[in-house]
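Undergrad: Input file: input-v3.csv. Contents: CSV, C-alpha atoms.
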chain,number,residue,atom,x,y,z
A,1,MET,CA,-13.4,-27.7,-19.1
A,2,GLY,CA,-14.3,-27.0,-22.7
A,3,GLU,CA,-13.2,-24.0,-24.8
A,4,TRP,CA,-14.8,-20.8,-23.6
A,5,LYS,CA,-16.9,-19.4,-26.5
A,6,THR,CA,-17.0,-15.6,-26.6
A,7,GLU,CA,-17.6,-14.8,-30.3
A,8,ASP,CA,-21.4,-14.8,-30.2
A,9,MET,CA,-21.8,-13.0,-26.8
A,10,PRO,CA,-22.7,-9.3,-26.8
A,11,LEU,CA,-20.5,-6.7,-25.0
A,12,PRO,CA,-22.7,-6.2,-21.9
A,13,ALA,CA,-22.9,-10.0,-21.3
A,14,LEU,CA,-19.1,-10.4,-21.8
A,15,PHE,CA,-18.4,-7.5,-19.4
A,16,GLU,CA,-20.8,-8.9,-16.8
A,17,GLU,CA,-19.2,-12.3,-16.9
A,18,ALA,CA,-15.7,-10.9,-16.7
A,19,SER,CA,-16.7,-8.7,-13.8
A,20,LYS,CA,-17.9,-11.7,-11.8
A,21,ILE,CA,-14.6,-13.5,-12.4
A,22,HIS,CA,-12.6,-10.4,-11.4
A,23,ALA,CA,-14.7,-10.0,-8.2
A,24,MET,CA,-14.1,-13.7,-7.3
A,25,ALA,CA,-10.3,-13.3,-7.9
A,26,SER,CA,-10.2,-10.1,-5.8
A,27,GLU,CA,-12.1,-11.6,-2.8
A,28,SER,CA,-10.3,-15.0,-2.9
A,29,SER,CA,-7.9,-17.1,-4.9
A,30,VAL,CA,-9.3,-18.8,-8.1
A,31,ASP,CA,-7.9,-21.6,-10.2
A,32,ARG,CA,-5.8,-21.2,-13.3
A,33,GLU,CA,-8.6,-22.1,-15.6
A,34,ALA,CA,-10.9,-19.4,-14.2
A,35,LEU,CA,-8.1,-16.8,-14.6
A,36,ARG,CA,-7.7,-17.9,-18.3
A,37,LYS,CA,-11.4,-17.6,-18.8
A,38,GLY,CA,-11.6,-14.1,-17.3
A,39,ILE,CA,-8.6,-12.8,-19.3
A,40,GLN,CA,-10.0,-14.3,-22.5
A,41,THR,CA,-13.4,-12.6,-21.9
A,42,LEU,CA,-11.8,-9.3,-21.1
A,43,ARG,CA,-9.6,-9.4,-24.2
A,44,ARG,CA,-12.7,-10.0,-26.3
A,45,CYS,CA,-14.3,-7.0,-24.6
A,46,ASP,CA,-11.3,-4.9,-25.4
A,47,GLU,CA,-11.5,-5.9,-29.1
A,48,MET,CA,-15.2,-5.0,-29.3
A,49,ILE,CA,-14.6,-1.7,-27.6
A,50,SER,CA,-11.9,-0.8,-30.1
A,51,LYS,CA,-14.1,-1.9,-33.1
A,52,LEU,CA,-17.1,0.1,-31.8
A,53,GLY,CA,-14.9,3.2,-31.0
A,54,LEU,CA,-16.6,3.9,-27.7
A,55,PHE,CA,-13.9,6.3,-26.5
A,56,SER,CA,-12.1,9.1,-28.3
A,57,SER,CA,-8.9,10.9,-27.5
A,58,ASN,CA,-10.6,14.3,-27.7
A,59,GLU,CA,-13.4,13.5,-25.2
A,60,THR,CA,-13.7,14.1,-21.5
A,61,LYS,CA,-15.5,12.2,-18.8
A,62,ASP,CA,-18.6,14.4,-19.4
A,63,ASP,CA,-18.8,13.3,-23.0
A,64,VAL,CA,-18.8,9.6,-22.2
A,65,SER,CA,-22.3,8.1,-21.6
A,66,THR,CA,-23.2,6.5,-18.4
A,67,ALA,CA,-23.7,3.1,-20.1
A,68,ASN,CA,-20.2,3.1,-21.5
A,69,LEU,CA,-18.3,4.3,-18.3
A,70,LYS,CA,-18.0,0.7,-17.0
A,71,TYR,CA,-16.0,-0.3,-20.1
A,72,LEU,CA,-13.2,1.9,-19.1
A,73,LEU,CA,-12.3,-0.7,-16.4
A,74,VAL,CA,-11.5,-3.4,-19.0
A,75,PRO,CA,-7.7,-2.7,-19.2
A,76,PHE,CA,-7.5,-2.4,-15.4
A,77,TYR,CA,-9.3,-5.8,-15.0
A,78,ILE,CA,-6.9,-7.4,-17.5
A,79,GLY,CA,-3.9,-6.0,-15.7
A,80,GLU,CA,-5.0,-7.3,-12.3
A,81,LEU,CA,-6.0,-10.8,-13.5
A,82,THR,CA,-2.7,-11.1,-15.6
A,83,GLU,CA,-0.7,-10.3,-12.5
A,84,LYS,CA,-2.2,-13.3,-10.7
A,85,VAL,CA,-1.3,-15.8,-13.4
A,86,ALA,CA,1.4,-18.2,-12.3
A,87,GLU,CA,4.0,-18.9,-15.1
A,88,ASP,CA,7.7,-19.8,-15.2
A,89,ASP,CA,8.5,-16.6,-17.1
A,90,ARG,CA,7.4,-14.1,-14.4
A,91,LEU,CA,9.1,-11.1,-16.1
A,92,LYS,CA,6.8,-11.6,-19.1
A,93,VAL,CA,3.7,-11.7,-17.0
A,94,LEU,CA,4.7,-8.5,-15.1
A,95,LYS,CA,5.4,-6.7,-18.3
A,96,ILE,CA,2.0,-7.5,-19.8
A,97,SER,CA,0.3,-6.6,-16.6
A,98,ARG,CA,2.1,-3.2,-16.4
A,99,ASP,CA,1.3,-2.4,-20.0
A,100,HIS,CA,-2.4,-2.9,-19.5
A,101,LEU,CA,-2.4,-0.9,-16.3
A,102,LYS,CA,-0.5,2.0,-18.0
A,103,GLU,CA,-3.0,1.9,-20.8
A,104,PHE,CA,-5.9,2.2,-18.2
A,105,ILE,CA,-4.1,5.2,-16.6
A,106,SER,CA,-3.4,6.9,-19.9
A,107,ILE,CA,-7.1,6.6,-21.0
A,108,CYS,CA,-8.3,8.0,-17.6
A,109,GLU,CA,-5.8,10.8,-17.9
A,110,ALA,CA,-7.1,11.7,-21.4
A,111,LEU,CA,-10.6,11.7,-20.1
A,112,GLU,CA,-9.6,13.9,-17.1
A,113,LEU,CA,-10.5,11.3,-14.5
A,114,ILE,CA,-7.2,11.4,-12.6
A,115,PRO,CA,-6.9,14.1,-9.9
A,116,GLU,CA,-4.5,17.0,-10.6
A,117,GLU,CA,-2.7,16.2,-7.3
A,118,GLU,CA,-1.9,12.7,-8.5
A,119,LEU,CA,-0.7,14.0,-11.9
A,120,GLU,CA,1.6,16.6,-10.3
A,121,ARG,CA,3.2,14.1,-7.9
A,122,SER,CA,3.7,11.5,-10.6
A,123,SER,CA,5.3,14.1,-12.9
A,124,GLN,CA,7.9,15.1,-10.2
A,125,ARG,CA,10.4,12.4,-11.0
A,126,GLY,CA,13.4,14.4,-10.0
A,127,ALA,CA,12.0,15.1,-6.5
A,128,ASN,CA,11.2,11.5,-5.7
A,129,THR,CA,12.3,11.7,-2.1
A,130,PRO,CA,11.0,9.5,0.7
A,131,ALA,CA,9.0,12.4,2.1
A,132,ASN,CA,7.3,12.9,-1.3
A,133,GLN,CA,6.7,9.2,-1.6
A,134,ARG,CA,5.1,9.1,1.8
A,135,ALA,CA,2.9,12.1,1.1
A,136,LYS,CA,1.8,10.6,-2.2
A,137,LYS,CA,0.9,7.3,-0.7
A,138,ILE,CA,-1.1,9.0,2.2
A,139,ALA,CA,-3.1,11.2,-0.3
A,140,ARG,CA,-3.8,8.1,-2.5
A,141,PHE,CA,-4.8,6.1,0.5
A,142,LYS,CA,-7.3,8.9,1.6
A,143,ARG,CA,-8.8,9.0,-1.9
A,144,GLN,CA,-9.2,5.2,-1.9
A,145,ARG,CA,-10.9,5.2,1.5
A,146,ALA,CA,-13.2,8.0,0.4
A,147,ALA,CA,-14.2,6.1,-2.7
A,148,GLU,CA,-14.9,2.9,-0.8
A,149,ALA,CA,-17.1,4.8,1.7
A,150,LYS,CA,-18.9,6.5,-1.2
A,151,LEU,CA,-19.6,3.1,-3.0
A,152,GLN,CA,-20.8,1.6,0.3
A,153,GLU,CA,-23.2,4.6,0.8
A,154,ILE,CA,-24.6,4.2,-2.8
A,155,LYS,CA,-25.0,0.5,-2.2
A,156,GLU,CA,-27.0,1.0,1.0
A,157,LYS,CA,-29.1,3.7,-0.7
A,158,LYS,CA,-30.0,1.3,-3.5
A,159,GLU,CA,-30.9,-1.4,-1.0
A,160,ARG,CA,-33.2,0.9,0.9
A,161,ARG,CA,-34.9,2.1,-2.3
A,162,TRP,CA,-35.3,-1.5,-3.4
A,163,ARG,CA,-37.0,-2.5,-0.1
A,164,SER,CA,-39.3,0.5,-0.2
A,165,LEU,CA,-40.3,-0.1,-3.8
A,166,ARG,CA,-41.0,-3.8,-3.0
A,167,ALA,CA,-43.1,-2.8,0.0
A,168,ALA,CA,-45.1,-0.3,-2.1
A,169,ALA,CA,-45.6,-2.9,-4.9
A,170,LEU,CA,-47.0,-5.4,-2.3
A,171,SER,CA,-49.3,-2.8,-0.8
A,172,SER,CA,-50.8,-1.4,-4.0
A,173,PRO,CA,-52.1,-3.3,-7.1
A,174,VAL,CA,-49.8,-3.2,-10.1
A,175,GLU,CA,-50.1,-4.3,-13.7
A,176,VAL,CA,-48.8,-7.7,-14.8
A,177,GLY,CA,-45.1,-7.5,-15.7
A,178,GLU,CA,-44.5,-4.2,-13.9
A,179,GLU,CA,-43.5,-5.7,-10.5
A,180,ASP,CA,-39.8,-5.5,-11.1
A,181,VAL,CA,-39.7,-2.1,-12.8
A,182,LEU,CA,-37.6,0.0,-10.6
A,183,ASP,CA,-37.1,3.7,-10.6
A,184,ASP,CA,-33.5,3.7,-11.9
A,185,ASP,CA,-31.6,6.9,-11.1
A,186,GLY,CA,-29.2,7.6,-13.9
A,187,GLU,CA,-27.2,10.2,-11.9
A,188,GLU,CA,-26.7,7.7,-9.1
A,189,GLU,CA,-25.5,5.0,-11.5
A,190,ARG,CA,-23.1,7.5,-13.1
A,191,GLU,CA,-21.7,8.5,-9.7
A,192,ALA,CA,-21.2,4.9,-8.8
A,193,TRP,CA,-19.2,4.1,-11.9
A,194,LEU,CA,-17.1,7.3,-11.6
A,195,THR,CA,-16.4,6.4,-8.0
A,196,THR,CA,-15.4,2.8,-9.0
A,197,ILE,CA,-13.1,4.2,-11.7
A,198,SER,CA,-11.5,6.6,-9.1
A,199,LEU,CA,-10.9,3.6,-6.8
A,200,SER,CA,-9.4,1.6,-9.6
A,201,ILE,CA,-7.1,4.4,-10.5
A,202,CYS,CA,-5.6,4.4,-6.9
A,203,LYS,CA,-5.2,0.6,-7.1
A,204,ALA,CA,-3.6,0.8,-10.5
A,205,PHE,CA,-0.9,3.3,-9.4
A,206,ASP,CA,-0.1,1.2,-6.4
A,207,LEU,CA,0.0,-2.0,-8.5
A,208,VAL,CA,2.3,-0.4,-11.1
A,209,GLU,CA,4.8,0.6,-8.5
A,210,MET,CA,4.7,-2.8,-6.9
A,211,LEU,CA,5.2,-4.6,-10.2
A,212,LYS,CA,8.0,-2.2,-11.1
A,213,LYS,CA,9.9,-3.1,-7.9
A,214,GLU,CA,9.3,-6.8,-8.5
A,215,GLU,CA,10.4,-6.6,-12.1
A,216,GLU,CA,13.7,-4.8,-11.0
A,217,MET,CA,14.4,-7.6,-8.4
A,218,LEU,CA,13.7,-10.4,-10.9
A,219,ALA,CA,15.9,-8.7,-13.5
A,220,ALA,CA,18.8,-8.3,-11.0
A,221,VAL,CA,18.5,-12.0,-10.0
A,222,LYS,CA,18.3,-13.1,-13.6
A,223,GLU,CA,21.4,-11.0,-14.5
A,224,ARG,CA,23.3,-12.4,-11.6
A,225,GLN,CA,22.4,-15.9,-12.7
A,226,SER,CA,23.5,-15.3,-16.2
A,227,LYS,CA,26.9,-13.9,-15.0
A,228,GLU,CA,27.6,-16.6,-12.4
A,229,GLY,CA,26.0,-19.5,-14.3
A,230,GLU,CA,23.3,-21.9,-13.5
A,231,ASP,CA,25.1,-23.1,-10.4
A,232,PHE,CA,24.1,-19.9,-8.5
A,233,ALA,CA,20.9,-21.2,-7.1
A,234,HIS,CA,22.4,-24.6,-6.4
A,235,GLU,CA,25.2,-23.0,-4.4
A,236,ILE,CA,22.8,-21.1,-2.3
A,237,LEU,CA,20.8,-24.3,-1.6
A,238,ASP,CA,24.0,-26.2,-0.8
A,239,GLU,CA,25.2,-23.5,1.6
A,240,ARG,CA,21.8,-23.5,3.4
A,241,THR,CA,21.8,-27.3,3.6
A,242,LYS,CA,25.4,-27.3,5.0
A,243,ARG,CA,24.5,-24.6,7.5
A,244,ALA,CA,21.5,-26.6,8.7
A,245,GLU,CA,23.5,-29.8,9.0
A,246,THR,CA,26.2,-28.0,11.0
A,247,TRP,CA,23.6,-26.6,13.4
A,248,HIS,CA,22.0,-30.0,14.0
A,249,ARG,CA,25.5,-31.6,14.5
A,250,ASN,CA,26.5,-28.9,17.0
A,251,ALA,CA,23.2,-29.3,18.9
A,252,ALA,CA,23.7,-33.1,19.1
A,253,SER,CA,27.2,-32.7,20.4
A,254,LYS,CA,26.1,-30.3,23.1
A,255,ALA,CA,23.4,-32.7,24.4
A,256,ALA,CA,24.6,-34.4,27.6
A,257,VAL,CA,25.1,-38.2,27.1
A,258,SER,CA,25.0,-40.0,30.4
A,259,LYS,CA,23.5,-43.1,31.9
A,260,PRO,CA,19.8,-43.2,32.6
A,261,ALA,CA,18.7,-41.7,36.0
A,262,GLU,CA,17.4,-44.0,38.6
A,263,PRO,CA,13.6,-44.6,38.4
A,264,ILE,CA,12.9,-42.8,41.7
A,265,THR,CA,11.2,-39.5,42.5
A,266,CYS,CA,11.3,-37.3,45.6
A,267,ALA,CA,7.8,-38.6,46.5
A,268,THR,CA,8.8,-42.2,46.5
A,269,PHE,CA,12.0,-41.4,48.3
A,270,ALA,CA,10.1,-39.6,51.1
A,271,GLN,CA,7.7,-42.5,51.4
A,272,ASP,CA,10.6,-44.9,51.7
A,273,VAL,CA,12.2,-42.7,54.5
A,274,ILE,CA,8.9,-42.6,56.4
A,275,GLU,CA,8.4,-46.3,56.2
A,276,GLY,CA,12.0,-47.1,57.1
A,277,ARG,CA,13.2,-48.5,53.9
A,278,ALA,CA,15.7,-45.7,53.3
A,279,GLN,CA,17.7,-43.2,55.4
A,280,LEU,CA,17.5,-39.5,55.0
A,281,SER,CA,21.3,-39.3,54.9
A,282,GLN,CA,21.4,-41.3,51.7
A,283,ALA,CA,22.3,-39.4,48.6
A,284,HIS,CA,19.3,-38.5,46.4
A,285,GLU,CA,19.6,-36.1,43.4
A,286,HIS,CA,16.2,-35.4,42.0
A,287,LYS,CA,16.0,-31.6,41.7
A,288,HIS,CA,13.2,-29.8,39.8
A,289,GLN,CA,14.8,-26.9,38.1
A,290,PRO,CA,12.5,-24.0,37.2
A,291,MET,CA,11.3,-23.9,33.6
A,292,ILE,CA,13.5,-21.8,31.2
A,293,PHE,CA,11.7,-19.7,28.6
A,294,GLY,CA,13.3,-18.1,25.6
A,295,PRO,CA,16.2,-19.0,23.3
A,296,ALA,CA,18.2,-20.5,26.1
A,297,SER,CA,15.7,-23.4,26.3
A,298,LEU,CA,16.2,-24.1,22.6
A,299,VAL,CA,20.0,-24.0,22.6
A,300,GLY,CA,20.4,-25.9,25.8
A,301,GLY,CA,23.5,-24.0,26.8
A,302,ARG,CA,24.4,-21.4,29.4
A,303,LEU,CA,24.0,-17.7,28.9
A,304,THR,CA,27.5,-16.4,28.0
A,305,SER,CA,26.7,-12.7,27.2
A,306,GLU,CA,24.4,-9.9,28.2
A,307,ARG,CA,22.7,-10.1,24.8
A,308,GLU,CA,21.8,-13.8,25.3
A,309,ARG,CA,20.6,-13.1,28.9
A,310,MET,CA,18.3,-10.4,27.6
A,311,ALA,CA,17.1,-12.6,24.7
A,312,ALA,CA,16.3,-15.4,27.2
A,313,GLN,CA,14.0,-13.1,29.2
A,314,VAL,CA,11.6,-12.8,26.2
A,315,PHE,CA,8.2,-14.2,26.9
A,316,GLN,CA,8.8,-14.8,30.5
A,317,PRO,CA,5.8,-15.6,32.7
A,318,GLY,CA,4.2,-12.8,34.8
A,319,TYR,CA,4.6,-14.7,38.1
A,320,ARG,CA,7.6,-16.0,40.1
A,321,LEU,CA,8.6,-19.5,39.2
A,322,PRO,CA,9.2,-22.0,42.1
A,323,THR,CA,12.7,-22.6,43.3
A,324,MET,CA,12.0,-26.1,44.6
A,325,SER,CA,9.4,-28.8,44.1
A,326,ILE,CA,6.9,-29.9,46.7
A,327,GLU,CA,8.9,-33.1,47.3
A,328,GLU,CA,12.0,-31.2,48.0
A,329,ALA,CA,10.2,-29.0,50.5
A,330,GLY,CA,8.8,-32.1,52.2
A,331,LEU,CA,12.3,-33.6,52.4
A,332,ARG,CA,13.7,-30.4,53.9
A,333,GLU,CA,10.9,-30.4,56.5
A,334,MET,CA,11.6,-34.0,57.3
A,335,GLU,CA,15.3,-33.1,57.8
A,336,MET,CA,14.4,-30.3,60.2
A,337,MET,CA,12.0,-32.5,62.1
A,338,LYS,CA,14.7,-35.2,62.5
A,339,LYS,CA,17.2,-32.6,63.9
A,340,TRP,CA,14.5,-31.3,66.3
A,341,GLN,CA,13.8,-34.9,67.5
A,342,GLU,CA,17.5,-35.6,68.0
A,343,TRP,CA,17.8,-32.4,70.0
A,344,ASN,CA,14.9,-33.4,72.2
A,345,VAL,CA,16.4,-36.8,72.8
A,346,LYS,CA,19.7,-35.2,73.8
A,347,LEU,CA,17.9,-32.9,76.3
A,348,MET,CA,16.0,-35.8,77.8
A,349,GLU,CA,19.3,-37.7,78.2
A,350,GLU,CA,20.9,-34.8,79.9
A,351,ALA,CA,18.0,-34.4,82.3
A,352,ASN,CA,18.1,-38.0,83.3
A,353,SER,CA,21.9,-38.3,83.6
A,354,SER,CA,23.8,-39.1,86.8
A,355,TRP,CA,25.4,-35.7,87.3
A,356,HIS,CA,21.9,-34.1,87.3
A,357,LYS,CA,20.8,-36.5,90.1
A,358,GLU,CA,24.0,-36.1,92.1
A,359,GLY,CA,23.8,-32.3,91.8
A,360,THR,CA,20.7,-32.2,94.2
A,361,THR,CA,20.8,-29.9,97.4
A,362,SER,CA,21.7,-31.3,100.8
A,363,THR,CA,19.6,-31.3,104.0
A,364,GLU,CA,21.3,-28.2,105.5
A,365,ASP,CA,20.5,-26.3,102.4
A,366,GLU,CA,16.9,-27.3,102.6
A,367,ASP,CA,16.7,-26.2,106.2
A,368,ALA,CA,18.2,-22.9,105.3
A,369,GLU,CA,15.7,-22.4,102.6
A,370,VAL,CA,12.9,-23.2,105.1
A,371,GLU,CA,14.2,-20.7,107.6
A,372,LYS,CA,14.4,-18.0,105.0
A,373,ALA,CA,10.9,-18.6,103.9
A,374,ARG,CA,9.6,-18.4,107.5
A,375,ALA,CA,11.4,-15.1,108.1
A,376,TRP,CA,9.9,-13.7,105.0
A,377,ASP,CA,6.4,-14.7,106.1
A,378,ASP,CA,7.0,-13.1,109.5
A,379,TRP,CA,8.2,-9.9,107.9
A,380,LYS,CA,5.1,-9.8,105.7
A,381,ASP,CA,2.9,-10.1,108.8
A,382,ASP,CA,4.6,-7.1,110.5
A,383,HIS,CA,4.5,-5.1,107.3
A,384,PRO,CA,1.1,-5.5,105.6
A,385,ARG,CA,0.8,-4.6,101.9
A,386,GLY,CA,0.7,-0.8,101.3
A,387,ALA,CA,1.7,0.2,104.8
A,388,GLY,CA,4.8,2.1,103.6
A,389,ASN,CA,2.8,4.4,101.4
A,390,LYS,CA,1.0,6.2,104.2
A,391,LYS,CA,3.9,8.6,104.6
A,392,LEU,CA,3.7,9.7,101.0
A,393,THR,CA,0.0,10.9,101.3
A,394,PRO,CA,-0.7,14.5,102.4
A,395,CYS,CA,-3.0,13.3,105.2
A,396,GLY,CA,-0.9,10.3,106.3
Starting from the file, lay out its structure as structure tokens.

TA:
Amino acid sequence: MGEWKTEDMPLPALFEEASKIHAMASESSVDREALRKGIQTLRRCDEMISKLGLFSSNETKDDVSTANLKYLLVPFYIGELTEKVAEDDRLKVLKISRDHLKEFISICEALELIPEEELERSSQRGANTPANQRAKKIARFKRQRAAEAKLQEIKEKKERRWRSLRAAALSSPVEVGEEDVLDDDGEEEREAWLTTISLSICKAFDLVEMLKKEEEMLAAVKERQSKEGEDFAHEILDERTKRAETWHRNAASKAAVSKPAEPITCATFAQDVIEGRAQLSQAHEHKHQPMIFGPASLVGGRLTSERERMAAQVFQPGYRLPTMSIEEAGLREMEMMKKWQEWNVKLMEEANSSWHKEGTTSTEDEDAEVEKARAWDDWKDDHPRGAGNKKLTPCG
């Protein structure tokens, strides 16, 4: 890509081009060349604003014209785009970004664009407690949401007015060249830019705090590296590499090393038993253990503590897992059927045995049984059914 020429472009065109790049960078990631182009355009805008003297220290927001309000966002845009630049010296990038953001905040403070509540909370440096920090962030977040909602409302109002004007232009005759002339509302445009600046102020305060924390972390790391030497990062990497190798070595040693299992399943074993090629009494170890979820399945070891037992129960299924496979259930039923058949065979043998045949009654016993049956029949003839109940009735 060639050199980006900005010398001959006017300030409105420069700002419009820079605003497009800033919008693209805010919505999605852009390449390094686009960031460089946007920062270069914004710096050119900043130079032209300083030469033209658009803003003065003794002015307020009411003294700034509507056409010049948008140029207040130039330092904020430079700070945001600079923060996204990827360079080796990150501390330098953070410092440049913070300087531009602070410049934007100071200009807005001079023009009385920052709410009094934000200024009071920012000035309370001694009482920077977690409760105050939380209250400040909540208030800032509410202002940011209100600004976003206001901008969306203004955008929808403009779209509705645009559609109505286009419909009116199509329904009534107009002069040549007057089709695109819109009824531009200066108050609405001013309100939109002031709302955009208010939203940018909230983002600038949050970004300054974030950059400050990142700068402190990088400074601490750099100081530690300077004290302990350049081997600091290498020692950390070596320690992590050694820890990973130890973990893999222990995992490999825990893995069970044995001979391969016989290529037979419970289904094939059951089929062999049915067809007579194998006996049920033969040893066959092919158990289907229930699936284990959680860290225990990764480690492959037993649960040795209550903490590990609770950790292994994470992400358990919502149903009961089977305790045996279908093949094991079939083998168990086959074993029960075999015992039942053996018991029936044993009973049949006992029924047909010699002692059962020899244990039959003699002829005298049979005659006694016949006589007993005849006496019972005679008694029933003399005593018909229900004859004994006549004495129990009142009229019997």

Undergrad: Calculated over all atoms listed in the file, which of the candidates A:Ala375, A:Met310, A:Ala192, A:Val208 has the smallest distance to Ser97 in chain A?

TA: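 Looking only at the distances to Ser97 in chain A, the closest residue turns out to be A:Val208.
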
Undergrad: Skip Thr41 in chain A itself and residues of its chain fewer than 5 positions away, then list as a PyMOL selection string all residues within 8 Å of it, counting all atoms listed in the file.

TA: chain A and resi 6+14-15+17-18

Undergrad: From the list A:Met48, A:Leu211, A:Ala167, A:Ile39, which residue is nearest Arg98 in chain A when using all atoms listed in the file?

TA: A:Leu211

Undergrad: Report, in Å with one decimal, the straight-line distance from CA of Arg309 in chain A to CA of Thr323 in chain A.

TA: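 Separating CA of Arg309 in chain A from CA of Thr323 in chain A is a distance of 19.0 Å.
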
Undergrad: So the first atom is CA of Lys20 in chain A and the second is CA of Leu113 in chain A; what is the distance between them in Å, to one decimal place?

TA: 24.3 Å

Undergrad: In Å to one decimal, how far is CA of Thr82 in chain A from CA of Ser226 in chain A?

TA: 26.5 Å

Undergrad: Can you pull out every residue within 12 Å of Glu214 in chain A, counting only C-alpha atoms, but drop anything in the same chain fewer than 2 positions away, and send it as a short mmCIF file (atom, residue, chain, number, x, y, z; two decimals) with C-alpha atoms, keeping the file's coordinate frame?

TA:
data_model
loop_
_atom_site.label_atom_id
_atom_site.label_comp_id
_atom_site.auth_asym_id
_atom_site.auth_seq_id
_atom_site.Cartn_x
_atom_site.Cartn_y
_atom_site.Cartn_z
CA GLU A 83 -0.70 -10.30 -12.50
CA ARG A 90 7.40 -14.10 -14.40
CA LEU A 91 9.10 -11.10 -16.10
CA LYS A 92 6.80 -11.60 -19.10
CA VAL A 93 3.70 -11.70 -17.00
CA LEU A 94 4.70 -8.50 -15.10
CA LYS A 95 5.40 -6.70 -18.30
CA ARG A 98 2.10 -3.20 -16.40
CA LEU A 207 0.00 -2.00 -8.50
CA VAL A 208 2.30 -0.40 -11.10
CA GLU A 209 4.80 0.60 -8.50
CA MET A 210 4.70 -2.80 -6.90
CA LEU A 211 5.20 -4.60 -10.20
CA LYS A 212 8.00 -2.20 -11.10
CA GLU A 216 13.70 -4.80 -11.00
CA MET A 217 14.40 -7.60 -8.40
CA LEU A 218 13.70 -10.40 -10.90
CA ALA A 219 15.90 -8.70 -13.50
CA ALA A 220 18.80 -8.30 -11.00
CA VAL A 221 18.50 -12.00 -10.00
#

Undergrad: Tell me which of A:Glu118, A:Asp31, A:Tyr71, A:Ala25 sits closest to Ala13 in chain A, counting all atoms listed in the file.

TA: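 Closest to Ala13 in chain A of all the choices is A:Tyr71.
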
Undergrad: Pick the closest to Leu81 in chain A from A:Glu189, A:Asp63, A:Glu33, A:Asp365: which is it, counting only C-alpha atoms?

TA: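 Closest to Leu81 in chain A of all the choices is A:Glu33.
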
Undergrad: Give the answer as one residue: which of A:Leu199, A:Ala244, A:Leu52, A:Val74 has the shortest atom-to-atom distance to Lys142 in chain A, using all atoms listed in the file?

TA: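 Answer, going by the shortest atom-to-atom distance: A:Leu199.
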
Undergrad: Residues near Phe104 in chain A, anyone? I mean within 9 Å using only C-alpha atoms, not counting same-chain ones fewer than 3 positions away, as a PyMOL selection string.

TA: chain A and resi 72-76+79+99-101+107-109+201+204

Undergrad: Could you write range 343-355 of chain A as an mmCIF file, in the frame of the given file, with N, CA and C atoms rebuilt where they are missing?

TA:
data_model
loop_
_atom_site.group_PDB
_atom_site.id
_atom_site.type_symbol
_atom_site.label_atom_id
_atom_site.label_comp_id
_atom_site.auth_asym_id
_atom_site.auth_seq_id
_atom_site.Cartn_x
_atom_site.Cartn_y
_atom_site.Cartn_z
ATOM 1 N N TRP A 343 17.540 -33.338 68.950
ATOM 2 C CA TRP A 343 17.800 -32.400 70.000
ATOM 3 C C TRP A 343 16.975 -32.641 71.245
ATOM 4 N N ASN A 344 15.706 -33.038 71.095
ATOM 5 C CA ASN A 344 14.900 -33.400 72.200
ATOM 6 C C ASN A 344 15.384 -34.616 72.961
ATOM 7 N N VAL A 345 15.818 -35.592 72.186
ATOM 8 C CA VAL A 345 16.400 -36.800 72.800
ATOM 9 C C VAL A 345 17.621 -36.466 73.608
ATOM 10 N N LYS A 346 18.439 -35.597 73.092
ATOM 11 C CA LYS A 346 19.700 -35.200 73.800
ATOM 12 C C LYS A 346 19.331 -34.463 75.097
ATOM 13 N N LEU A 347 18.335 -33.608 75.076
ATOM 14 C CA LEU A 347 17.900 -32.900 76.300
ATOM 15 C C LEU A 347 17.366 -33.854 77.336
ATOM 16 N N MET A 348 16.574 -34.820 76.903
ATOM 17 C CA MET A 348 16.000 -35.800 77.800
ATOM 18 C C MET A 348 17.145 -36.631 78.464
ATOM 19 N N GLU A 349 18.138 -36.984 77.688
ATOM 20 C CA GLU A 349 19.300 -37.700 78.200
ATOM 21 C C GLU A 349 20.047 -36.930 79.260
ATOM 22 N N GLU A 350 20.215 -35.637 78.970
ATOM 23 C CA GLU A 350 20.900 -34.800 79.900
ATOM 24 C C GLU A 350 20.123 -34.618 81.219
ATOM 25 N N ALA A 351 18.791 -34.551 81.086
ATOM 26 C CA ALA A 351 18.000 -34.400 82.300
ATOM 27 C C ALA A 351 17.976 -35.629 83.157
ATOM 28 N N ASN A 352 18.095 -36.799 82.559
ATOM 29 C CA ASN A 352 18.100 -38.000 83.300
ATOM 30 C C ASN A 352 19.492 -38.579 83.595
ATOM 31 N N SER A 353 20.503 -37.793 83.351
ATOM 32 C CA SER A 353 21.900 -38.300 83.600
ATOM 33 C C SER A 353 22.227 -38.305 85.051
ATOM 34 N N SER A 354 23.338 -38.941 85.405
ATOM 35 C CA SER A 354 23.800 -39.100 86.800
ATOM 36 C C SER A 354 24.214 -37.831 87.423
ATOM 37 N N TRP A 355 24.900 -36.978 86.659
ATOM 38 C CA TRP A 355 25.400 -35.700 87.300
ATOM 39 C C TRP A 355 24.242 -34.841 87.663
#
